[in-house]
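Asks: Have a look at the structure that comes next, please.
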2 protein chains.
Amino acid sequence: MPKTKYTDIYRDLKSRIEAGEYEFQELLPSENQLIQRYDCSRNTIRRAVSALVTDGYVQTMQGKGVRNIFQPTLQTSFTIGGIESFQESALRNCQVPKTEVLCFTEITADTKISNRTGFPIGSELYYLQRLHYLDGKALILNHNYFLKHVAVNLTREIAEHSIYEYLEQTLHISIVTSKRIMTVEKMTEIDEKYLELGDYNCLAVVSSQTYNSDGIMFEYTQSRHRPDYFRFQDNATRRVI
Amino acid sequence: MPKTKYTDIYRDLKSRIEAGEYEFQELLPSENQLIQRYDCSRNTIRRAVSALVTDGYVQTMQGKGVRNIFQPTLQTSFTIGGIESFQESALRNCQVPKTEVLCFTEITADTKISNRTGFPIGSELYYLQRLHYLDGKALILNHNYFLKHVAVNLTREIAEHSIYEYLEQTLHISIVTSKRIMTVEKMTEIDEKYLELGDYNCLAVVSSQTYNSDGIMFEYTQSRHRPDYFRFQDNATRRVI
DNA sequence: AGAATCAACTTGTTTAAACAAATTTTCAAT
DNA sequence: ATTGAAAATTTGTTTAAACAAGTTGATTCT
């Protein structure tokens, strides 16, 4: 779905970098050269390049040019930044995913749940527990809370496959923003029961609130990761405060 | 240092949001209104707003407007995304920082170090171990590797205070990009010795490669965090791949 | 009353142009 | 050969304008 010009250019440049067309530390063609190559305005080029900057692929230097700082060995990991479903990231890494639904219920948010999730008291919710396998190993235990009036008619069968696919392709909900917090927590009995933790006594926990395109938070999820398989990549840039 | 117009606008809008000028879920003034308020072009407004989007403060909706999704309780944490020194984040959260230098040496990268850090074999490096205290508690054990010919004349005294302040204000090195990987690792003897881990047997580990404005990776750092005080915030947006 | 249409908003994309700021190259003078 | 100034080239900021696309509200028609 190449809808916009700058996305096309972004993708083309990205794949060229990944293919090794430019050496590590080599400068990319200048903006003027790229304008000619892609037959577009300078703004469009700059927009594509700035997306590569936030990906950590390149670095711009005023007066000098745009330097390739992509290193293939580092970039291949389970998670790279953005919002991605378990299915998507598994497939991207050519792994075999499986999901087991441990629990599927409907609840109403009380004070305790409201404090934990951020949903208002009295919200009607789906609550699920799901176990995610990769190549046969149980890696992630998920606690999902969905607003019932947004994720309408969610079923156990859908939850076994891909909830995100259902939300996006059937309900046409577009997911936009997700606020995440990563912490390390002691294991619980339920963690111990389902995840093979070996002699680790804690897990990597990612709590996230997800918003749809109406600006409504419709999902709260706590993902509890087996620590030896957890890996989160990030690209930070020095920004003005 | 308000150098650019869009930074000024960004900061002003941000502080207005933080001050509660707009209700949660309320729409901000439209672009046209903001153009009049700040006497600038539409592009400049859009640039400021898009910075707020990446901060997770607002969400834009085509045809509708820009919605405030800032929640004060969530935003106050030890780390929010960007590149920040220990000193900076401590001060931002009004805490009393202290740094103890456990080890300060000069080394040459062999195969093992090169593989771990990403520096070429033979690189001349400063290697330090530092213990960071907050309000009297030892929270972070840092292993720092700096390229000697970039972080010239680094001393134990500087390392006790703030290396980043030295790099930026004395050497005028501007830090631009940092590639980070977060994992959970078993504790080592040295972790156990310096950090009060209680009955946790693992830590949150953040490994980072930092680049200067010449595109040279000049720092590799492994930060080992006491798990009960580790917290990493992030804002993900669904982006085109 | 209900439906359809249109107008008036909103944000999203793209182009063009001008100037600023930093770096590199060129070239002339010493 | 070295220095130094000027020119050319690079990215960074800002403005202006036009059109696209989505939403809302009013108006009109049935």
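FYI, nothing fancy with the structure tokens labels: chains A, B, ... in order, residues from 1 per chain, ligands from 1 as they appear.
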Near Tyr38 of chain B, within 12 Å and counting only C-alpha atoms (C1' of nucleotides), which residues show up once chain neighbours fewer than 4 positions away are dropped, as a list in words?
Replies: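 Using only C-alpha atoms (C1' of nucleotides), the neighbours found are Lys5, Tyr6, Thr7, Asp8, Ile9, Tyr10, Asp12, Leu13, Pro29, Glu31, Asn32, Gln33, Leu34, Arg42, Thr44, Ile45 and Ala48 of chain B.
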Asks: Would you list, as a list of chain:residue names, the residues of segment 102-149 of chain B that end up in strand (DSSP E) under DSSP run on this structure's backbone?
Replies: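 Filtering segment 102-149 of chain B down to strand (DSSP E) leaves B:Leu102, B:Cys103, B:Phe104, B:Thr105, B:Glu106, B:Ile107, B:Thr108, B:Glu124, B:Leu125, B:Tyr126, B:Tyr127, B:Leu128, B:Gln129, B:Arg130, B:Leu131, B:His132, B:Tyr133, B:Leu134, B:Lys137, B:Ala138, B:Leu139, B:Ile140, B:Leu141, B:Asn142, B:His143, B:Asn144, B:Tyr145, B:Phe146, B:Leu147.
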Asks: Include C-alpha atoms and write out the residues we just selected as a compact mmCIF listing (two decimals), in the first residue's frame.
Replies:
```
# COMPACT_ATOMS: atom_id res chain seq x y z
CA LEU B 102 34.85 2.01 41.00
CA CYS B 103 37.38 1.61 38.24
CA PHE B 104 39.10 3.91 35.75
CA THR B 105 41.49 2.38 33.24
CA GLU B 106 42.71 2.61 29.68
CA ILE B 107 42.46 -0.46 27.50
CA THR B 108 42.85 -1.60 23.92
CA GLU B 124 42.18 2.81 22.35
CA LEU B 125 39.52 3.13 25.02
CA TYR B 126 38.77 4.44 28.46
CA TYR B 127 37.02 1.79 30.49
CA LEU B 128 35.17 2.77 33.66
CA GLN B 129 32.92 1.19 36.17
CA ARG B 130 30.63 3.61 37.93
CA LEU B 131 28.02 3.23 40.60
CA HIS B 132 25.10 5.65 40.55
CA TYR B 133 23.25 6.52 43.74
CA LEU B 134 19.90 8.19 44.03
CA LYS B 137 20.54 4.09 47.25
CA ALA B 138 22.85 2.35 44.77
CA LEU B 139 20.64 1.86 41.72
CA ILE B 140 22.77 1.57 38.61
CA LEU B 141 26.08 -0.05 37.86
CA ASN B 142 27.57 1.30 34.65
CA HIS B 143 30.27 -0.13 32.43
CA ASN B 144 31.45 2.67 30.13
CA TYR B 145 33.75 2.43 27.14
CA PHE B 146 34.82 5.69 25.49
CA LEU B 147 36.99 6.19 22.43
```
Asks: Please produce chain B as an mmCIF file with C-alpha atoms, in the first residue's frame once it has been superposed on chain A, the fit using all Cα atoms paired in sequence order.
Replies:
```cif
data_model
loop_
_atom_site.group_PDB
_atom_site.id
_atom_site.type_symbol
_atom_site.label_atom_id
_atom_site.label_comp_id
_atom_site.auth_asym_id
_atom_site.auth_seq_id
_atom_site.Cartn_x
_atom_site.Cartn_y
_atom_site.Cartn_z
ATOM 1 C CA MET B 1 -0.032 -0.069 0.114
ATOM 2 C CA PRO B 2 2.258 2.708 -1.070
ATOM 3 C CA LYS B 3 -0.139 5.583 -0.528
ATOM 4 C CA THR B 4 2.211 8.484 -0.222
ATOM 5 C CA LYS B 5 5.277 9.522 -2.144
ATOM 6 C CA TYR B 6 7.524 9.982 0.859
ATOM 7 C CA THR B 7 6.653 6.492 2.071
ATOM 8 C CA ASP B 8 7.728 5.052 -1.263
ATOM 9 C CA ILE B 9 11.006 6.917 -1.119
ATOM 10 C CA TYR B 10 11.524 5.951 2.518
ATOM 11 C CA ARG B 11 10.987 2.292 1.724
ATOM 12 C CA ASP B 12 13.229 2.386 -1.317
ATOM 13 C CA LEU B 13 16.071 4.064 0.547
ATOM 14 C CA LYS B 14 15.623 1.708 3.482
ATOM 15 C CA SER B 15 15.849 -1.394 1.355
ATOM 16 C CA ARG B 16 18.879 -0.006 -0.471
ATOM 17 C CA ILE B 17 20.595 0.557 2.868
ATOM 18 C CA GLU B 18 19.653 -2.901 4.101
ATOM 19 C CA ALA B 19 20.933 -4.386 0.842
ATOM 20 C CA GLY B 20 24.312 -2.792 1.503
ATOM 21 C CA GLU B 21 24.245 -0.343 -1.382
ATOM 22 C CA TYR B 22 25.968 2.157 0.884
ATOM 23 C CA GLU B 23 28.920 1.243 3.073
ATOM 24 C CA PHE B 24 28.705 1.747 6.810
ATOM 25 C CA GLN B 25 29.730 5.374 7.447
ATOM 26 C CA GLU B 26 29.340 6.261 3.765
ATOM 27 C CA LEU B 27 27.349 9.334 2.792
ATOM 28 C CA LEU B 28 24.046 8.916 1.002
ATOM 29 C CA PRO B 29 23.430 10.962 -2.153
ATOM 30 C CA SER B 30 22.746 14.594 -1.354
ATOM 31 C CA GLU B 31 19.223 15.962 -1.193
ATOM 32 C CA ASN B 32 19.595 17.534 -4.619
ATOM 33 C CA GLN B 33 20.655 14.233 -6.139
ATOM 34 C CA LEU B 34 17.768 12.422 -4.470
ATOM 35 C CA ILE B 35 15.361 15.062 -5.754
ATOM 36 C CA GLN B 36 16.443 14.184 -9.273
ATOM 37 C CA ARG B 37 16.385 10.436 -8.673
ATOM 38 C CA TYR B 38 12.869 10.424 -7.279
ATOM 39 C CA ASP B 39 11.535 13.417 -9.204
ATOM 40 C CA CYS B 40 10.057 15.187 -6.232
ATOM 41 C CA SER B 41 10.488 18.215 -4.026
ATOM 42 C CA ARG B 42 13.092 18.702 -1.352
ATOM 43 C CA ASN B 43 10.524 18.485 1.450
ATOM 44 C CA THR B 44 9.447 15.048 0.356
ATOM 45 C CA ILE B 45 13.039 13.819 0.395
ATOM 46 C CA ARG B 46 13.631 15.340 3.803
ATOM 47 C CA ARG B 47 10.551 13.631 5.176
ATOM 48 C CA ALA B 48 11.716 10.240 3.968
ATOM 49 C CA VAL B 49 15.206 10.785 5.340
ATOM 50 C CA SER B 50 13.932 11.936 8.710
ATOM 51 C CA ALA B 51 12.012 8.673 9.012
ATOM 52 C CA LEU B 52 15.293 6.842 8.451
ATOM 53 C CA VAL B 53 16.854 8.970 11.173
ATOM 54 C CA THR B 54 14.243 7.898 13.694
ATOM 55 C CA ASP B 55 14.890 4.305 12.649
ATOM 56 C CA GLY B 56 18.541 4.792 13.489
ATOM 57 C CA TYR B 57 19.529 3.951 9.930
ATOM 58 C CA VAL B 58 21.197 7.256 9.053
ATOM 59 C CA GLN B 59 22.429 10.413 10.691
ATOM 60 C CA THR B 60 22.252 13.859 9.144
ATOM 61 C CA MET B 61 25.098 16.349 9.466
ATOM 62 C CA GLN B 62 24.559 19.973 8.548
ATOM 63 C CA GLY B 63 26.989 21.049 5.871
ATOM 64 C CA LYS B 64 28.256 17.523 5.309
ATOM 65 C CA GLY B 65 25.531 15.139 4.287
ATOM 66 C CA VAL B 66 23.636 12.077 5.453
ATOM 67 C CA ARG B 67 25.688 9.232 6.856
ATOM 68 C CA ASN B 68 24.708 5.574 6.799
ATOM 69 C CA ILE B 69 25.008 4.111 10.306
ATOM 70 C CA PHE B 70 23.011 0.938 9.707
ATOM 71 C CA GLN B 71 24.554 -2.213 11.107
ATOM 72 C CA PRO B 72 22.748 -5.357 10.022
ATOM 73 C CA THR B 73 23.793 -7.504 12.957
ATOM 74 C CA LEU B 74 22.261 -5.167 15.504
ATOM 75 C CA GLN B 75 18.993 -4.439 13.767
ATOM 76 C CA THR B 76 17.651 -7.986 13.713
ATOM 77 C CA SER B 77 15.770 -8.453 16.919
ATOM 78 C CA PHE B 78 12.411 -9.433 18.204
ATOM 79 C CA THR B 79 11.144 -5.939 18.663
ATOM 80 C CA ILE B 80 12.081 -2.695 17.002
ATOM 81 C CA GLY B 81 10.220 0.167 18.527
ATOM 82 C CA GLY B 82 6.858 0.575 16.843
ATOM 83 C CA ILE B 83 3.507 -1.013 17.512
ATOM 84 C CA GLU B 84 3.519 -4.557 16.321
ATOM 85 C CA SER B 85 1.368 -7.527 17.110
ATOM 86 C CA PHE B 86 2.887 -10.778 18.259
ATOM 87 C CA GLN B 87 1.935 -12.341 14.923
ATOM 88 C CA GLU B 88 3.596 -9.605 12.947
ATOM 89 C CA SER B 89 6.888 -9.628 14.773
ATOM 90 C CA ALA B 90 7.009 -13.403 14.723
ATOM 91 C CA LEU B 91 6.444 -13.516 10.991
ATOM 92 C CA ARG B 92 8.932 -10.735 10.359
ATOM 93 C CA ASN B 93 11.543 -12.872 12.059
ATOM 94 C CA CYS B 94 10.461 -16.020 10.222
ATOM 95 C CA GLN B 95 9.332 -17.840 13.320
ATOM 96 C CA VAL B 96 6.339 -20.073 13.915
ATOM 97 C CA PRO B 97 3.850 -18.408 16.271
ATOM 98 C CA LYS B 98 1.108 -20.050 18.293
ATOM 99 C CA THR B 99 -1.333 -18.556 20.750
ATOM 100 C CA GLU B 100 -3.214 -20.336 23.512
ATOM 101 C CA VAL B 101 -6.148 -18.638 25.185
ATOM 102 C CA LEU B 102 -6.054 -19.492 28.874
ATOM 103 C CA CYS B 103 -8.980 -17.371 29.919
ATOM 104 C CA PHE B 104 -11.689 -15.380 28.144
ATOM 105 C CA THR B 105 -14.175 -13.444 30.255
ATOM 106 C CA GLU B 106 -16.180 -10.260 30.419
ATOM 107 C CA ILE B 107 -15.735 -8.011 33.419
ATOM 108 C CA THR B 108 -16.650 -4.592 34.722
ATOM 109 C CA ALA B 109 -13.845 -2.353 35.903
ATOM 110 C CA ASP B 110 -13.841 -1.876 39.672
ATOM 111 C CA THR B 111 -11.530 0.458 41.565
ATOM 112 C CA LYS B 112 -8.626 -1.948 41.527
ATOM 113 C CA ILE B 113 -8.847 -2.686 37.811
ATOM 114 C CA SER B 114 -9.401 0.961 37.024
ATOM 115 C CA ASN B 115 -6.251 1.930 38.875
ATOM 116 C CA ARG B 116 -4.213 -0.728 37.165
ATOM 117 C CA THR B 117 -5.461 -0.210 33.639
ATOM 118 C CA GLY B 118 -6.540 3.410 33.451
ATOM 119 C CA PHE B 119 -10.073 2.528 32.318
ATOM 120 C CA PRO B 120 -12.838 4.424 34.135
ATOM 121 C CA ILE B 121 -14.656 2.563 36.891
ATOM 122 C CA GLY B 122 -17.658 0.741 35.450
ATOM 123 C CA SER B 123 -16.145 0.174 32.008
ATOM 124 C CA GLU B 124 -17.366 -3.006 30.332
ATOM 125 C CA LEU B 125 -14.321 -5.013 29.337
ATOM 126 C CA TYR B 126 -13.131 -8.221 27.779
ATOM 127 C CA TYR B 127 -10.422 -9.746 29.905
ATOM 128 C CA LEU B 128 -8.179 -12.437 28.440
ATOM 129 C CA GLN B 129 -5.118 -14.340 29.393
ATOM 130 C CA ARG B 130 -3.107 -15.584 26.463
ATOM 131 C CA LEU B 131 0.055 -17.592 26.165
ATOM 132 C CA HIS B 132 2.262 -16.937 23.150
ATOM 133 C CA TYR B 133 4.539 -19.639 21.791
ATOM 134 C CA LEU B 134 7.405 -19.202 19.397
ATOM 135 C CA ASP B 135 8.887 -22.267 17.767
ATOM 136 C CA GLY B 136 7.165 -24.349 20.415
ATOM 137 C CA LYS B 137 8.444 -22.397 23.432
ATOM 138 C CA ALA B 138 6.092 -20.464 25.720
ATOM 139 C CA LEU B 139 7.612 -16.987 25.805
ATOM 140 C CA ILE B 140 4.963 -14.434 26.657
ATOM 141 C CA LEU B 141 2.017 -14.414 29.008
ATOM 142 C CA ASN B 142 -0.421 -11.655 28.125
ATOM 143 C CA HIS B 143 -3.152 -10.076 30.202
ATOM 144 C CA ASN B 144 -5.414 -8.155 27.810
ATOM 145 C CA TYR B 145 -8.217 -5.760 28.658
ATOM 146 C CA PHE B 146 -10.339 -4.462 25.774
ATOM 147 C CA LEU B 147 -13.198 -1.979 25.868
ATOM 148 C CA LYS B 148 -16.235 -4.065 24.876
ATOM 149 C CA HIS B 149 -17.955 -1.349 22.894
ATOM 150 C CA VAL B 150 -14.843 -0.873 20.759
ATOM 151 C CA ALA B 151 -13.622 -4.438 20.307
ATOM 152 C CA VAL B 152 -17.196 -5.583 19.669
ATOM 153 C CA ASN B 153 -17.972 -9.300 19.411
ATOM 154 C CA LEU B 154 -14.483 -10.435 20.270
ATOM 155 C CA THR B 155 -14.444 -14.208 20.600
ATOM 156 C CA ARG B 156 -12.126 -16.868 21.915
ATOM 157 C CA GLU B 157 -11.574 -18.026 18.341
ATOM 158 C CA ILE B 158 -10.417 -14.602 17.223
ATOM 159 C CA ALA B 159 -8.179 -14.343 20.261
ATOM 160 C CA GLU B 160 -6.510 -17.601 19.306
ATOM 161 C CA HIS B 161 -5.602 -16.203 15.948
ATOM 162 C CA SER B 162 -4.897 -12.481 15.902
ATOM 163 C CA ILE B 163 -6.874 -9.838 17.705
ATOM 164 C CA TYR B 164 -5.118 -7.029 15.868
ATOM 165 C CA GLU B 165 -6.024 -8.468 12.498
ATOM 166 C CA TYR B 166 -9.658 -8.590 13.638
ATOM 167 C CA LEU B 167 -9.586 -5.034 14.946
ATOM 168 C CA GLU B 168 -7.987 -3.605 11.842
ATOM 169 C CA GLN B 169 -9.399 -5.657 9.025
ATOM 170 C CA THR B 170 -12.881 -6.508 10.291
ATOM 171 C CA LEU B 171 -13.741 -3.653 12.633
ATOM 172 C CA HIS B 172 -11.608 -1.157 10.697
ATOM 173 C CA ILE B 173 -10.159 0.248 13.873
ATOM 174 C CA SER B 174 -6.875 1.974 13.232
ATOM 175 C CA ILE B 175 -4.373 1.724 16.026
ATOM 176 C CA VAL B 176 -2.382 4.869 16.386
ATOM 177 C CA THR B 177 -0.600 5.420 19.653
ATOM 178 C CA SER B 178 0.572 3.175 22.433
ATOM 179 C CA LYS B 179 2.079 4.293 25.712
ATOM 180 C CA ARG B 180 4.371 1.630 27.077
ATOM 181 C CA ILE B 181 6.194 1.115 30.333
ATOM 182 C CA MET B 182 8.850 -1.530 30.762
ATOM 183 C CA THR B 183 9.730 -2.895 34.170
ATOM 184 C CA VAL B 184 11.168 -5.994 35.785
ATOM 185 C CA GLU B 185 8.907 -7.844 38.192
ATOM 186 C CA LYS B 186 9.029 -10.865 40.450
ATOM 187 C CA MET B 187 7.403 -13.925 38.970
ATOM 188 C CA THR B 188 3.950 -14.951 40.143
ATOM 189 C CA GLU B 189 2.490 -18.431 40.494
ATOM 190 C CA ILE B 190 0.761 -18.126 37.177
ATOM 191 C CA ASP B 191 3.993 -17.049 35.454
ATOM 192 C CA GLU B 192 5.758 -20.025 36.949
ATOM 193 C CA LYS B 193 3.017 -22.355 35.840
ATOM 194 C CA TYR B 194 3.011 -21.411 32.173
ATOM 195 C CA LEU B 195 6.437 -20.024 31.337
ATOM 196 C CA GLU B 196 9.608 -22.052 31.669
ATOM 197 C CA LEU B 197 11.588 -19.640 33.751
ATOM 198 C CA GLY B 198 14.460 -21.931 34.693
ATOM 199 C CA ASP B 199 16.198 -20.373 37.677
ATOM 200 C CA TYR B 200 15.158 -16.828 36.853
ATOM 201 C CA ASN B 201 12.864 -15.453 39.519
ATOM 202 C CA CYS B 202 11.649 -12.409 37.599
ATOM 203 C CA LEU B 203 10.323 -11.332 34.213
ATOM 204 C CA ALA B 204 10.366 -8.439 31.810
ATOM 205 C CA VAL B 205 6.977 -6.760 31.958
ATOM 206 C CA VAL B 206 5.640 -4.412 29.304
ATOM 207 C CA SER B 207 2.464 -2.544 30.205
ATOM 208 C CA SER B 208 0.789 -0.650 27.422
ATOM 209 C CA GLN B 209 -2.215 1.552 26.821
ATOM 210 C CA THR B 210 -3.328 1.646 23.224
ATOM 211 C CA TYR B 211 -5.411 4.373 21.586
ATOM 212 C CA ASN B 212 -7.502 4.190 18.442
ATOM 213 C CA SER B 213 -7.854 6.920 15.853
ATOM 214 C CA ASP B 214 -10.638 8.559 17.859
ATOM 215 C CA GLY B 215 -8.191 9.116 20.686
ATOM 216 C CA ILE B 216 -9.931 6.580 22.889
ATOM 217 C CA MET B 217 -7.852 4.210 24.955
ATOM 218 C CA PHE B 218 -9.453 0.875 24.151
ATOM 219 C CA GLU B 219 -6.805 -1.603 25.235
ATOM 220 C CA TYR B 220 -4.654 -2.167 28.252
ATOM 221 C CA THR B 221 -2.209 -5.025 28.071
ATOM 222 C CA GLN B 222 0.385 -6.392 30.399
ATOM 223 C CA SER B 223 2.893 -8.624 28.632
ATOM 224 C CA ARG B 224 5.028 -10.806 30.864
ATOM 225 C CA HIS B 225 8.103 -11.997 28.993
ATOM 226 C CA ARG B 226 10.387 -14.905 29.706
ATOM 227 C CA PRO B 227 13.557 -12.926 30.496
ATOM 228 C CA ASP B 228 16.061 -14.931 28.483
ATOM 229 C CA TYR B 229 14.114 -14.223 25.287
ATOM 230 C CA PHE B 230 13.204 -10.633 25.944
ATOM 231 C CA ARG B 231 14.975 -7.966 23.934
ATOM 232 C CA PHE B 232 13.805 -4.463 23.212
ATOM 233 C CA GLN B 233 15.474 -2.172 20.722
ATOM 234 C CA ASP B 234 15.230 1.556 20.696
ATOM 235 C CA ASN B 235 16.767 4.548 19.021
ATOM 236 C CA ALA B 236 17.135 7.646 21.090
ATOM 237 C CA THR B 237 17.901 11.060 19.724
ATOM 238 C CA ARG B 238 18.968 14.098 21.659
ATOM 239 C CA ARG B 239 16.022 16.426 21.518
ATOM 240 C CA VAL B 240 15.133 19.809 22.803
ATOM 241 C CA ILE B 241 13.241 19.925 26.043
#
```
Asks: Could you state the separation of atom C1' of DG4 of chain D and atom C1' of DC27 of chain C in Å, given to one decimal place?
Replies: 10.4 Å
Asks: Quick check, in Å to one decimal: how far apart do atom C1' of DA16 of chain D and atom C1' of DC9 of chain C lie?
Replies: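 For atom C1' of DA16 of chain D relative to atom C1' of DC9 of chain C, the distance reads 20.6 Å.
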Asks: Show me, as a PDB file with N, CA and C atoms (P, O5', C5', C4', C3', O3' and C1' of nucleotides), in the first residue's frame, the residues of chain C whose atoms get within 8 Å of chain B, using only C-alpha atoms (C1' of nucleotides) for the distance check.
Replies:
```pdb
ATOM      1  P    DT C  10     -10.835  25.139  11.383  1.00  0.00           P
ATOM      2  O5'  DT C  10     -10.349  23.620  11.309  1.00  0.00           O
ATOM      3  C5'  DT C  10     -10.694  22.720  12.367  1.00  0.00           C
ATOM      4  C4'  DT C  10     -10.389  21.299  11.943  1.00  0.00           C
ATOM      5  C3'  DT C  10      -8.945  21.024  11.584  1.00  0.00           C
ATOM      6  O3'  DT C  10      -8.185  20.779  12.751  1.00  0.00           O
ATOM      7  C1'  DT C  10     -10.404  19.995  10.019  1.00  0.00           C
ATOM      8  P    DT C  11      -6.598  21.017  12.719  1.00  0.00           P
ATOM      9  O5'  DT C  11      -6.079  19.738  11.933  1.00  0.00           O
ATOM     10  C5'  DT C  11      -6.193  18.446  12.526  1.00  0.00           C
ATOM     11  C4'  DT C  11      -5.919  17.370  11.486  1.00  0.00           C
ATOM     12  C3'  DT C  11      -4.443  17.160  11.126  1.00  0.00           C
ATOM     13  O3'  DT C  11      -4.197  15.766  10.965  1.00  0.00           O
ATOM     14  C1'  DT C  11      -5.652  17.649   9.181  1.00  0.00           C
ATOM     15  P    DG C  12      -2.755  15.258  10.466  1.00  0.00           P
ATOM     16  O5'  DG C  12      -2.945  15.109   8.888  1.00  0.00           O
ATOM     17  C5'  DG C  12      -3.451  13.880   8.355  1.00  0.00           C
ATOM     18  C4'  DG C  12      -3.004  13.697   6.910  1.00  0.00           C
ATOM     19  C3'  DG C  12      -1.479  13.737   6.714  1.00  0.00           C
ATOM     20  O3'  DG C  12      -1.098  12.692   5.822  1.00  0.00           O
ATOM     21  C1'  DG C  12      -2.516  15.357   5.334  1.00  0.00           C
TER      22       DG C  12
END
```
Asks: Set out as a Markdown table a contact list for chain D and chain B with a cut-off of 7 Å, giving each residue of chain D that qualifies its closest atom pair and distance in Å to one decimal, counting only C-alpha atoms (C1' of nucleotides), ordered by chain and rising residue number.
Replies:
```
| residue | atom | partner | partner_atom | distance |
| --- | --- | --- | --- | --- |
| D:DT15 | C1' | B:Ser41 | CA | 6.0 |
| D:DG22 | C1' | B:Gly63 | CA | 4.6 |
| D:DT23 | C1' | B:Gly63 | CA | 4.8 |
```
Asks: Quick one: residues within 12 Å of DA7 of chain D, only C-alpha atoms (C1' of nucleotides) counted, chain neighbours fewer than 6 positions away excluded, as a PyMOL selection string?
Replies: chain C and resi 24-27
Asks: Since we have the selection now, will you write its residues out, keeping N, CA and C atoms (P, O5', C5', C4', C3', O3' and C1' of nucleotides), as a PDB file, in the first residue's frame?
Replies:
```pdb
ATOM      1  P    DT C  24      34.058  19.021   6.281  1.00  0.00           P
ATOM      2  O5'  DT C  24      34.192  19.387   4.726  1.00  0.00           O
ATOM      3  C5'  DT C  24      33.206  18.900   3.820  1.00  0.00           C
ATOM      4  C4'  DT C  24      33.445  19.489   2.451  1.00  0.00           C
ATOM      5  C3'  DT C  24      34.876  19.317   1.916  1.00  0.00           C
ATOM      6  O3'  DT C  24      34.819  18.678   0.657  1.00  0.00           O
ATOM      7  C1'  DT C  24      34.146  21.557   1.668  1.00  0.00           C
ATOM      8  P    DT C  25      36.190  18.293  -0.085  1.00  0.00           P
ATOM      9  O5'  DT C  25      36.260  19.399  -1.227  1.00  0.00           O
ATOM     10  C5'  DT C  25      35.082  19.696  -1.970  1.00  0.00           C
ATOM     11  C4'  DT C  25      35.321  20.927  -2.830  1.00  0.00           C
ATOM     12  C3'  DT C  25      36.660  20.935  -3.585  1.00  0.00           C
ATOM     13  O3'  DT C  25      36.395  21.142  -4.957  1.00  0.00           O
ATOM     14  C1'  DT C  25      36.325  22.988  -2.437  1.00  0.00           C
ATOM     15  P    DT C  26      37.606  21.078  -6.005  1.00  0.00           P
ATOM     16  O5'  DT C  26      37.815  22.612  -6.366  1.00  0.00           O
ATOM     17  C5'  DT C  26      36.665  23.460  -6.435  1.00  0.00           C
ATOM     18  C4'  DT C  26      37.113  24.907  -6.583  1.00  0.00           C
ATOM     19  C3'  DT C  26      38.414  25.090  -7.372  1.00  0.00           C
ATOM     20  O3'  DT C  26      38.203  26.045  -8.397  1.00  0.00           O
ATOM     21  C1'  DT C  26      38.519  26.255  -5.312  1.00  0.00           C
ATOM     22  P    DC C  27      39.277  26.247  -9.546  1.00  0.00           P
ATOM     23  O5'  DC C  27      39.945  27.638  -9.129  1.00  0.00           O
ATOM     24  C5'  DC C  27      39.149  28.641  -8.523  1.00  0.00           C
ATOM     25  C4'  DC C  27      40.044  29.690  -7.885  1.00  0.00           C
ATOM     26  C3'  DC C  27      41.399  29.864  -8.583  1.00  0.00           C
ATOM     27  O3'  DC C  27      41.700  31.236  -8.678  1.00  0.00           O
ATOM     28  C1'  DC C  27      41.717  29.493  -6.296  1.00  0.00           C
TER      29       DC C  27
END
```
Asks: Just list the residues in segment 58-215 of chain A DSSP gives helix (DSSP H, G or I) on the backbone, as an MDAnalysis selection string.
Replies: chainID A and resid 72:75 86:92 111:117 156:161 163:170 189:194
Asks: Taking 5 positions as the minimum chain separation for residues in the same chain, which residues sit within 10 Å of segment 27-29 of chain D when counting only C-alpha atoms (C1' of nucleotides)? Answer as a PyMOL selection string.
Replies: chain C and resi 3-7
